file start01.cif (mmCIF, C-alpha atoms)
data_entry
#
loop_
_atom_site.group_PDB
_atom_site.id
_atom_site.type_symbol
_atom_site.label_atom_id
_atom_site.label_comp_id
_atom_site.auth_asym_id
_atom_site.auth_seq_id
_atom_site.Cartn_x
_atom_site.Cartn_y
_atom_site.Cartn_z
ATOM 1 C CA MET A 1 151.123 118.629 118.168
ATOM 2 C CA ASP A 2 153.144 119.349 121.324
ATOM 3 C CA ALA A 3 150.241 121.291 122.811
ATOM 4 C CA LEU A 4 147.827 118.388 122.282
ATOM 5 C CA ALA A 5 150.346 116.013 123.872
ATOM 6 C CA ALA A 6 149.547 117.604 127.250
ATOM 7 C CA PHE A 7 146.735 114.993 127.382
ATOM 8 C CA PRO A 8 148.650 112.037 125.907
ATOM 9 C CA THR A 9 145.890 109.449 126.358
ATOM 10 C CA SER A 10 143.494 111.514 124.254
ATOM 11 C CA LEU A 11 146.042 112.347 121.573
ATOM 12 C CA ASN A 12 147.300 108.755 121.354
ATOM 13 C CA PHE A 13 143.738 107.438 120.957
ATOM 14 C CA VAL A 14 143.021 109.819 118.081
ATOM 15 C CA MET A 15 146.405 109.300 116.406
ATOM 16 C CA LYS A 16 146.105 105.509 116.633
ATOM 17 C CA GLY A 17 142.688 105.680 114.967
ATOM 18 C CA TRP A 18 143.937 108.080 112.308
ATOM 19 C CA SER A 19 147.000 105.899 111.580
ATOM 20 C CA SER A 20 144.758 102.877 111.100
ATOM 21 C CA GLY A 21 142.770 104.754 108.444
ATOM 22 C CA ASP A 22 139.831 105.812 110.607
ATOM 23 C CA ARG A 23 139.147 109.379 109.443
ATOM 24 C CA ALA A 24 136.210 109.733 111.846
ATOM 25 C CA VAL A 25 137.851 108.586 115.097
ATOM 26 C CA ARG A 26 136.080 109.836 118.243
ATOM 27 C CA GLY A 27 137.590 113.008 119.680
ATOM 28 C CA MET A 28 139.233 114.079 116.443
ATOM 29 C CA ASN A 29 137.018 117.112 115.914
ATOM 30 C CA VAL A 30 137.641 118.518 119.392
ATOM 31 C CA LEU A 31 141.387 118.011 119.107
ATOM 32 C CA GLY A 32 141.286 119.579 115.660
ATOM 33 C CA THR A 33 139.591 122.634 117.127
ATOM 34 C CA PHE A 34 142.220 122.961 119.855
ATOM 35 C CA ALA A 35 145.020 122.574 117.306
ATOM 36 C CA HIS A 36 144.137 126.043 115.986
ATOM 37 C CA TYR A 37 145.154 127.630 119.304
ATOM 38 C CA PRO A 38 148.205 125.793 120.696
ATOM 39 C CA ALA A 39 148.703 127.910 123.851
ATOM 40 C CA LEU A 40 145.106 127.367 124.935
ATOM 41 C CA ALA A 41 145.275 123.704 123.905
ATOM 42 C CA LYS A 42 148.303 123.054 126.092
ATOM 43 C CA ALA A 43 146.769 124.769 129.132
ATOM 44 C CA PHE A 44 143.364 123.129 128.748
ATOM 45 C CA MET A 45 144.704 119.686 127.873
ATOM 46 C CA THR A 46 146.937 119.727 130.954
ATOM 47 C CA PHE A 47 143.884 120.519 133.092
ATOM 48 C CA ASN A 48 141.709 117.986 131.257
ATOM 49 C CA ALA A 49 144.347 115.257 131.628
ATOM 50 C CA HIS A 50 144.208 115.694 135.393
ATOM 51 C CA VAL A 51 140.441 115.771 135.885
ATOM 52 C CA ALA A 52 139.736 113.039 133.341
ATOM 53 C CA GLY A 53 142.579 110.679 134.156
ATOM 54 C CA ALA A 54 144.689 111.585 137.175
ATOM 55 C CA SER A 55 141.763 112.624 139.355
ATOM 56 C CA SER A 56 141.335 111.092 142.788
ATOM 57 C CA LEU A 57 137.703 110.265 141.922
ATOM 58 C CA LEU A 58 136.812 106.772 140.776
ATOM 59 C CA TYR A 59 136.420 106.349 137.015
ATOM 60 C CA ARG A 60 132.733 105.454 137.423
ATOM 61 C CA ASP A 61 132.086 108.576 139.510
ATOM 62 C CA ARG A 62 133.863 110.787 136.958
ATOM 63 C CA GLU A 63 131.690 109.414 134.179
ATOM 64 C CA ILE A 64 128.491 109.972 136.189
ATOM 65 C CA VAL A 65 129.555 113.596 136.626
ATOM 66 C CA ILE A 66 130.502 114.141 132.981
ATOM 67 C CA LEU A 67 127.387 112.451 131.631
ATOM 68 C CA ARG A 68 125.044 114.440 133.879
ATOM 69 C CA LEU A 69 126.833 117.677 133.066
ATOM 70 C CA SER A 70 126.685 116.880 129.338
ATOM 71 C CA TRP A 71 122.942 116.425 129.683
ATOM 72 C CA VAL A 72 122.229 119.636 131.615
ATOM 73 C CA MET A 73 124.504 121.631 129.293
ATOM 74 C CA HIS A 74 122.858 120.121 126.177
ATOM 75 C CA SER A 75 126.216 118.946 124.859
ATOM 76 C CA GLU A 76 125.349 116.189 122.450
ATOM 77 C CA TYR A 77 129.006 115.771 121.457
ATOM 78 C CA GLU A 78 130.153 115.183 125.054
ATOM 79 C CA LEU A 79 127.163 112.975 125.813
ATOM 80 C CA VAL A 80 127.824 110.676 122.866
ATOM 81 C CA GLN A 81 131.536 110.390 123.681
ATOM 82 C CA HIS A 82 130.981 109.720 127.371
ATOM 83 C CA MET A 83 128.152 107.218 126.936
ATOM 84 C CA ILE A 84 130.853 104.947 125.532
ATOM 85 C CA LEU A 85 133.273 105.785 128.341
ATOM 86 C CA GLY A 86 130.541 105.486 130.962
ATOM 87 C CA LYS A 87 129.840 101.923 129.871
ATOM 88 C CA ARG A 88 133.563 101.157 130.080
ATOM 89 C CA ALA A 89 133.508 102.570 133.615
ATOM 90 C CA GLY A 90 130.781 100.103 134.581
ATOM 91 C CA LEU A 91 127.618 102.173 134.143
ATOM 92 C CA SER A 92 124.632 100.283 132.823
ATOM 93 C CA ASP A 93 122.366 101.544 130.035
ATOM 94 C CA GLU A 94 119.722 102.026 132.730
ATOM 95 C CA GLU A 95 122.021 104.218 134.822
ATOM 96 C CA ILE A 96 123.050 106.260 131.795
ATOM 97 C CA GLY A 97 119.372 106.758 130.963
ATOM 98 C CA ARG A 98 118.620 107.687 134.568
ATOM 99 C CA LEU A 99 121.190 110.495 134.376
ATOM 100 C CA GLN A 100 118.793 112.267 132.025
ATOM 101 C CA GLN A 101 116.203 112.395 134.834
ATOM 102 C CA GLY A 102 118.432 113.762 137.559
ATOM 103 C CA PRO A 103 119.164 112.997 141.196
ATOM 104 C CA ASP A 104 115.590 112.256 142.234
ATOM 105 C CA ALA A 105 115.037 109.531 139.643
ATOM 106 C CA PRO A 106 114.104 106.216 141.231
ATOM 107 C CA GLY A 107 116.894 103.668 141.376
ATOM 108 C CA TRP A 108 119.861 105.767 142.468
ATOM 109 C CA SER A 109 121.779 104.876 145.583
ATOM 110 C CA ALA A 110 121.871 107.791 148.040
ATOM 111 C CA GLU A 111 125.569 108.284 147.202
ATOM 112 C CA ASP A 112 125.077 108.390 143.445
ATOM 113 C CA ALA A 113 122.039 110.659 143.815
ATOM 114 C CA ASP A 114 124.169 113.136 145.771
ATOM 115 C CA LEU A 115 126.860 113.028 143.103
ATOM 116 C CA VAL A 116 124.274 113.851 140.425
ATOM 117 C CA ARG A 117 122.753 116.486 142.727
ATOM 118 C CA ALA A 118 126.171 118.130 143.156
ATOM 119 C CA VAL A 119 126.498 118.459 139.369
ATOM 120 C CA ASP A 120 123.057 120.063 139.139
ATOM 121 C CA GLN A 121 123.841 122.435 141.983
ATOM 122 C CA LEU A 122 127.171 123.491 140.498
ATOM 123 C CA HIS A 123 125.449 124.059 137.155
ATOM 124 C CA GLU A 124 122.395 125.901 138.522
ATOM 125 C CA LEU A 125 123.719 127.586 141.675
ATOM 126 C CA SER A 126 127.464 127.792 140.979
ATOM 127 C CA ARG A 127 128.072 125.947 144.251
ATOM 128 C CA ILE A 128 127.354 122.721 146.113
ATOM 129 C CA THR A 129 124.867 123.419 148.886
ATOM 130 C CA PRO A 130 125.976 122.793 152.485
ATOM 131 C CA ALA A 131 123.650 119.799 152.953
ATOM 132 C CA THR A 132 124.896 118.060 149.799
ATOM 133 C CA TRP A 133 128.499 118.970 150.653
ATOM 134 C CA GLU A 134 128.137 117.426 154.112
ATOM 135 C CA ARG A 135 126.824 114.139 152.718
ATOM 136 C CA LEU A 136 129.491 113.989 149.969
ATOM 137 C CA ALA A 137 132.245 114.774 152.486
ATOM 138 C CA GLN A 138 131.340 111.580 154.331
ATOM 139 C CA ARG A 139 132.288 109.668 151.182
ATOM 140 C CA TYR A 140 135.022 111.822 149.658
ATOM 141 C CA ASN A 141 138.164 113.380 151.105
ATOM 142 C CA GLN A 142 139.177 116.983 150.463
ATOM 143 C CA SER A 143 141.127 116.185 147.289
ATOM 144 C CA GLN A 144 138.188 114.250 145.876
ATOM 145 C CA MET A 145 135.799 117.106 146.652
ATOM 146 C CA LEU A 146 138.093 119.513 144.788
ATOM 147 C CA ASP A 147 138.445 117.073 141.896
ATOM 148 C CA LEU A 148 134.642 116.903 141.697
ATOM 149 C CA ILE A 149 134.289 120.683 141.478
ATOM 150 C CA PHE A 150 137.067 121.072 138.923
ATOM 151 C CA LEU A 151 135.792 118.139 136.836
ATOM 152 C CA VAL A 152 132.483 119.956 136.480
ATOM 153 C CA GLY A 153 134.273 123.207 135.651
ATOM 154 C CA CYS A 154 136.501 121.587 133.036
ATOM 155 C CA TYR A 155 133.692 119.827 131.206
ATOM 156 C CA ALA A 156 131.406 122.856 131.491
ATOM 157 C CA ALA A 157 134.073 124.941 129.722
ATOM 158 C CA LEU A 158 134.435 122.240 127.090
ATOM 159 C CA ALA A 159 130.654 122.053 126.578
ATOM 160 C CA LEU A 160 130.499 125.832 126.144
ATOM 161 C CA ALA A 161 133.147 125.652 123.419
ATOM 162 C CA ILE A 162 131.700 122.580 121.688
ATOM 163 C CA ASN A 163 128.185 124.011 121.707
ATOM 164 C CA SER A 164 129.243 127.502 120.582
ATOM 165 C CA LEU A 165 131.492 126.193 117.810
ATOM 166 C CA GLU A 166 128.888 123.577 116.842
ATOM 167 C CA THR A 167 131.603 120.923 116.812
ATOM 168 C CA PRO A 168 130.176 118.005 114.830
ATOM 169 C CA ILE A 169 130.124 114.488 116.184
ATOM 170 C CA GLU A 170 132.448 112.239 114.227
ATOM 171 C CA SER A 171 130.580 110.007 111.811
ATOM 172 C CA GLY A 172 132.018 106.894 113.453
ATOM 173 C CA ALA A 173 130.457 107.643 116.848
ATOM 174 C CA PRO A 174 127.198 105.887 117.686
ATOM 175 C CA PRO A 175 124.407 108.467 117.403
ATOM 176 C CA LEU A 176 121.880 109.203 120.113
ATOM 177 C CA GLY A 177 118.455 107.754 119.547
ATOM 178 C CA GLU A 178 116.195 110.398 118.034
ATOM 179 C CA ALA A 179 113.884 110.538 121.079
ATOM 180 C CA THR A 180 116.870 111.041 123.403
ATOM 181 C CA ARG A 181 118.311 113.696 121.115
ATOM 182 C CA GLN A 182 115.002 115.569 121.028
ATOM 183 C CA ARG A 183 114.792 115.526 124.860
ATOM 184 C CA LEU A 184 118.384 116.741 125.108
ATOM 185 C CA LEU A 185 117.787 119.652 122.758
ATOM 186 C CA ALA A 186 114.180 120.428 123.742
ATOM 187 C CA SER A 187 114.940 122.858 126.531
ATOM 188 C CA ILE A 188 117.526 124.898 124.671
ATOM 189 C CA ALA A 189 116.273 128.442 124.260
ATOM 190 C CA THR A 190 115.766 129.846 120.809
ATOM 191 C CA PRO A 191 119.177 130.967 119.586
ATOM 192 C CA LEU A 192 119.874 134.658 119.930
ATOM 193 C CA SER A 193 120.598 136.540 116.775
#
call {"tool": "encode", "arguments": {"input": "start01.cif", "output": "structure tokens"}}
result
Amino acid sequence: MDALAAFPTSLNFVMKGWSSGDRAVRGMNVLGTFAHYPALAKAFMTFNAHVAGASSLLYRDREIVILRLSWVMHSEYELVQHMILGKRAGLSDEEIGRLQQGPDAPGWSAEDADLVRAVDQLHELSRITPATWERLAQRYNQSQMLDLIFLVGCYAALALAINSLETPIESGAPPLGEATRQRLLASIATPLS
């Protein structure tokens, strides 16, 4: 339990739900997975607490990043969890849907498009290109730029674990629509044996 307390907001949310009788509270399955490896849990949860809560990026910007990364990494678990959090951060259903299309989808502001583009570049190229970096640096200071990179890294690591372990979505979480789920999973390669 001490290891999971490194991200107190997450642990408190799950424990409050559990105490109230909710045996399918969101986030429970991920925390349960981490509970099997306390040293890793403490290290990761400390990192996750910073990028998800203490980051210098605005809450809305963090959720844009996490939602886009969840989409490109085919992490249904993360996507479902952060659709809820994205709405709390002020994202509309239209914006959340647009994240599935990427940075060139019509309707993005230039700033939001570059934020989405940075996620795609980090995912595909393992770096933000100089042109995108230059535009983002007009909006973000050095700490924010680092928080952006490490936010992507943190949630990419989490997606790799969730996807590999096939962590199930808690039954209490609102499911993706079937068409959205099929688009999310459509480009995943045939599993290796």
call {"tool": "atom_distance", "arguments": {"input": "start01.cif", "atom1": "atom CA of Lys87 of chain A", "atom2": "atom CA of Thr167 of chain A"}}
result
23.1 Å
call {"tool": "closest_residue", "arguments": {"input": "start01.cif", "among": "A:Glu76, A:Glu124, A:Asp104, A:Asp147", "to": "Gly177 of chain A", "atoms": "only C-alpha atoms"}}
result
A:Glu76
call {"tool": "closest_residue", "arguments": {"input": "start01.cif", "among": "A:Asp2, A:Gln182, A:Ser20, A:Asn163", "to": "Ala35 of chain A", "atoms": "all atoms listed in the file"}}
result
A:Asp2
call {"tool": "atom_distance", "arguments": {"input": "start01.cif", "atom1": "atom CA of His50 of chain A", "atom2": "atom CA of Pro174 of chain A"}}
result
26.4 Å
call {"tool": "closest_residue", "arguments": {"input": "start01.cif", "among": "A:Arg60, A:Tyr77, A:Val65, A:Asn141", "to": "Asn29 of chain A", "atoms": "all atoms listed in the file"}}
result
A:Tyr77
call {"tool": "closest_residue", "arguments": {"input": "start01.cif", "among": "A:Gly153, A:Pro103, A:Pro130, A:Gly27", "to": "Val80 of chain A", "atoms": "all atoms listed in the file"}}
result
A:Gly27
call {"tool": "resolve_selection", "arguments": {"input": "start01.cif", "expression": "the PyMOL selection byres ((chain A and resi 90) around 12)", "output": "list of chain:residue names"}}
result
A:Leu58, A:Tyr59, A:Arg60, A:Asp61, A:Arg62, A:Glu63, A:Ile64, A:Met83, A:Ile84, A:Leu85, A:Gly86, A:Lys87, A:Arg88, A:Ala89, A:Leu91, A:Ser92, A:Asp93, A:Glu94, A:Glu95, A:Ile96
call {"tool": "residues_near_point", "arguments": {"input": "start01.cif", "point": "(143.1, 112.8, 139.8)", "cutoff": "12 Å", "atoms": "only C-alpha atoms", "output": "number ranges by chain"}}
result
A: 46-59, 61-62, 143-151
call {"tool": "atom_distance", "arguments": {"input": "start01.cif", "atom1": "atom CA of Leu136 of chain A", "atom2": "atom CA of Val119 of chain A"}}
result
11.9 Å
call {"tool": "residues_near_point", "arguments": {"input": "start01.cif", "point": "(124.1, 109.2, 140.3)", "cutoff": "8 Å", "atoms": "all atoms listed in the file", "output": "list in words"}}
result
Ile64, Val65, Glu95, Leu99, Gly102, Pro103, Trp108, Ser109, Glu111, Asp112, Ala113, Asp114, Leu115, Val116 and Arg117 of chain A
call {"tool": "write_last_selection", "arguments": {"input": "start01.cif", "atoms": "C-alpha atoms", "output": "compact mmCIF listing (two decimals), keeping the file's coordinate frame"}}
result
# COMPACT_ATOMS: atom_id res chain seq x y z
CA ILE A 64 128.49 109.97 136.19
CA VAL A 65 129.56 113.60 136.63
CA GLU A 95 122.02 104.22 134.82
CA LEU A 99 121.19 110.50 134.38
CA GLY A 102 118.43 113.76 137.56
CA PRO A 103 119.16 113.00 141.20
CA TRP A 108 119.86 105.77 142.47
CA SER A 109 121.78 104.88 145.58
CA GLU A 111 125.57 108.28 147.20
CA ASP A 112 125.08 108.39 143.44
CA ALA A 113 122.04 110.66 143.82
CA ASP A 114 124.17 113.14 145.77
CA LEU A 115 126.86 113.03 143.10
CA VAL A 116 124.27 113.85 140.43
CA ARG A 117 122.75 116.49 142.73
call {"tool": "closest_residue", "arguments": {"input": "start01.cif", "among": "A:Gln138, A:Ser126, A:Gln101, A:Gln81", "to": "Ser171 of chain A", "atoms": "all atoms listed in the file"}}
result
A:Gln81
call {"tool": "resolve_selection", "arguments": {"input": "start01.cif", "expression": "the PyMOL selection byres ((chain A and resi 73) around 8)", "output": "NGL selection string"}}
result
:A and (69-72 or 74-75 or 156 or 159-160)
call {"tool": "closest_residue", "arguments": {"input": "start01.cif", "among": "A:Thr180, A:Arg26, A:Ile66, A:Pro38", "to": "Cys154 of chain A", "atoms": "only C-alpha atoms"}}
result
A:Ile66
call {"tool": "axis_aligned_box", "arguments": {"input": "start01.cif", "around": "segment 59-69 of chain A", "padding_each_side": "8 Å", "output": "JSON"}}
result
{"center_x": 130.7, "center_y": 111.6, "center_z": 135.6, "size_x": 27.4, "size_y": 28.2, "size_z": 23.9}
call {"tool": "build_atoms", "arguments": {"input": "start01.cif", "residues": "segment 136-167 of chain A", "atoms": "N, CA and C atoms", "output": "compact mmCIF listing (two decimals), keeping the file's coordinate frame"}}
result
# COMPACT_ATOMS: atom_id res chain seq x y z
N LEU A 136 128.39 114.41 150.84
CA LEU A 136 129.49 113.99 149.97
C LEU A 136 130.79 113.88 150.74
N ALA A 137 131.00 114.77 151.70
CA ALA A 137 132.24 114.77 152.49
C ALA A 137 132.36 113.55 153.39
N GLN A 138 131.27 112.84 153.59
CA GLN A 138 131.34 111.58 154.33
C GLN A 138 131.91 110.47 153.45
N ARG A 139 131.83 110.66 152.16
CA ARG A 139 132.29 109.67 151.18
C ARG A 139 133.64 110.05 150.57
N TYR A 140 133.84 111.34 150.35
CA TYR A 140 135.02 111.82 149.66
C TYR A 140 135.91 112.63 150.58
N ASN A 141 137.24 112.54 150.36
CA ASN A 141 138.16 113.38 151.10
C ASN A 141 138.26 114.75 150.42
N GLN A 142 139.07 115.62 150.97
CA GLN A 142 139.18 116.98 150.46
C GLN A 142 139.65 117.02 149.01
N SER A 143 140.64 116.22 148.67
CA SER A 143 141.13 116.18 147.29
C SER A 143 140.03 115.73 146.33
N GLN A 144 139.28 114.73 146.73
CA GLN A 144 138.19 114.25 145.88
C GLN A 144 137.10 115.30 145.70
N MET A 145 136.80 116.04 146.76
CA MET A 145 135.80 117.11 146.65
C MET A 145 136.28 118.18 145.67
N LEU A 146 137.55 118.53 145.73
CA LEU A 146 138.09 119.51 144.79
C LEU A 146 138.10 118.95 143.37
N ASP A 147 138.47 117.68 143.23
CA ASP A 147 138.44 117.07 141.90
C ASP A 147 137.03 117.08 141.32
N LEU A 148 136.04 116.86 142.15
CA LEU A 148 134.64 116.90 141.70
C LEU A 148 134.30 118.29 141.15
N ILE A 149 134.61 119.31 141.91
CA ILE A 149 134.29 120.68 141.48
C ILE A 149 135.02 121.03 140.18
N PHE A 150 136.29 120.70 140.11
CA PHE A 150 137.07 121.07 138.92
C PHE A 150 136.74 120.20 137.72
N LEU A 151 136.28 118.97 137.94
CA LEU A 151 135.79 118.14 136.84
C LEU A 151 134.59 118.80 136.19
N VAL A 152 133.66 119.27 137.01
CA VAL A 152 132.48 119.96 136.48
C VAL A 152 132.91 121.22 135.73
N GLY A 153 133.82 121.99 136.31
CA GLY A 153 134.27 123.21 135.65
C GLY A 153 134.95 122.95 134.32
N CYS A 154 135.79 121.93 134.27
CA CYS A 154 136.50 121.59 133.04
C CYS A 154 135.53 121.20 131.93
N TYR A 155 134.61 120.30 132.25
CA TYR A 155 133.69 119.83 131.21
C TYR A 155 132.60 120.84 130.88
N ALA A 156 132.32 121.75 131.81
CA ALA A 156 131.41 122.86 131.49
C ALA A 156 132.07 123.77 130.47
N ALA A 157 133.35 124.10 130.68
CA ALA A 157 134.07 124.94 129.72
C ALA A 157 134.13 124.27 128.36
N LEU A 158 134.38 122.97 128.35
CA LEU A 158 134.44 122.24 127.09
C LEU A 158 133.08 122.24 126.40
N ALA A 159 132.00 122.03 127.17
CA ALA A 159 130.65 122.05 126.58
C ALA A 159 130.34 123.42 125.98
N LEU A 160 130.74 124.48 126.67
CA LEU A 160 130.50 125.83 126.14
C LEU A 160 131.18 126.01 124.79
N ALA A 161 132.42 125.53 124.68
CA ALA A 161 133.15 125.65 123.42
C ALA A 161 132.52 124.77 122.34
N ILE A 162 132.27 123.51 122.67
CA ILE A 162 131.70 122.58 121.69
C ILE A 162 130.35 123.09 121.19
N ASN A 163 129.51 123.53 122.10
CA ASN A 163 128.18 124.01 121.71
C ASN A 163 128.28 125.29 120.87
N SER A 164 129.12 126.23 121.31
CA SER A 164 129.24 127.50 120.58
C SER A 164 129.84 127.32 119.19
N LEU A 165 130.83 126.44 119.10
CA LEU A 165 131.49 126.19 117.81
C LEU A 165 130.74 125.18 116.96
N GLU A 166 129.68 124.60 117.53
CA GLU A 166 128.89 123.58 116.84
C GLU A 166 129.78 122.46 116.30
N THR A 167 130.68 121.99 117.18
CA THR A 167 131.60 120.92 116.81
C THR A 167 130.80 119.67 116.45
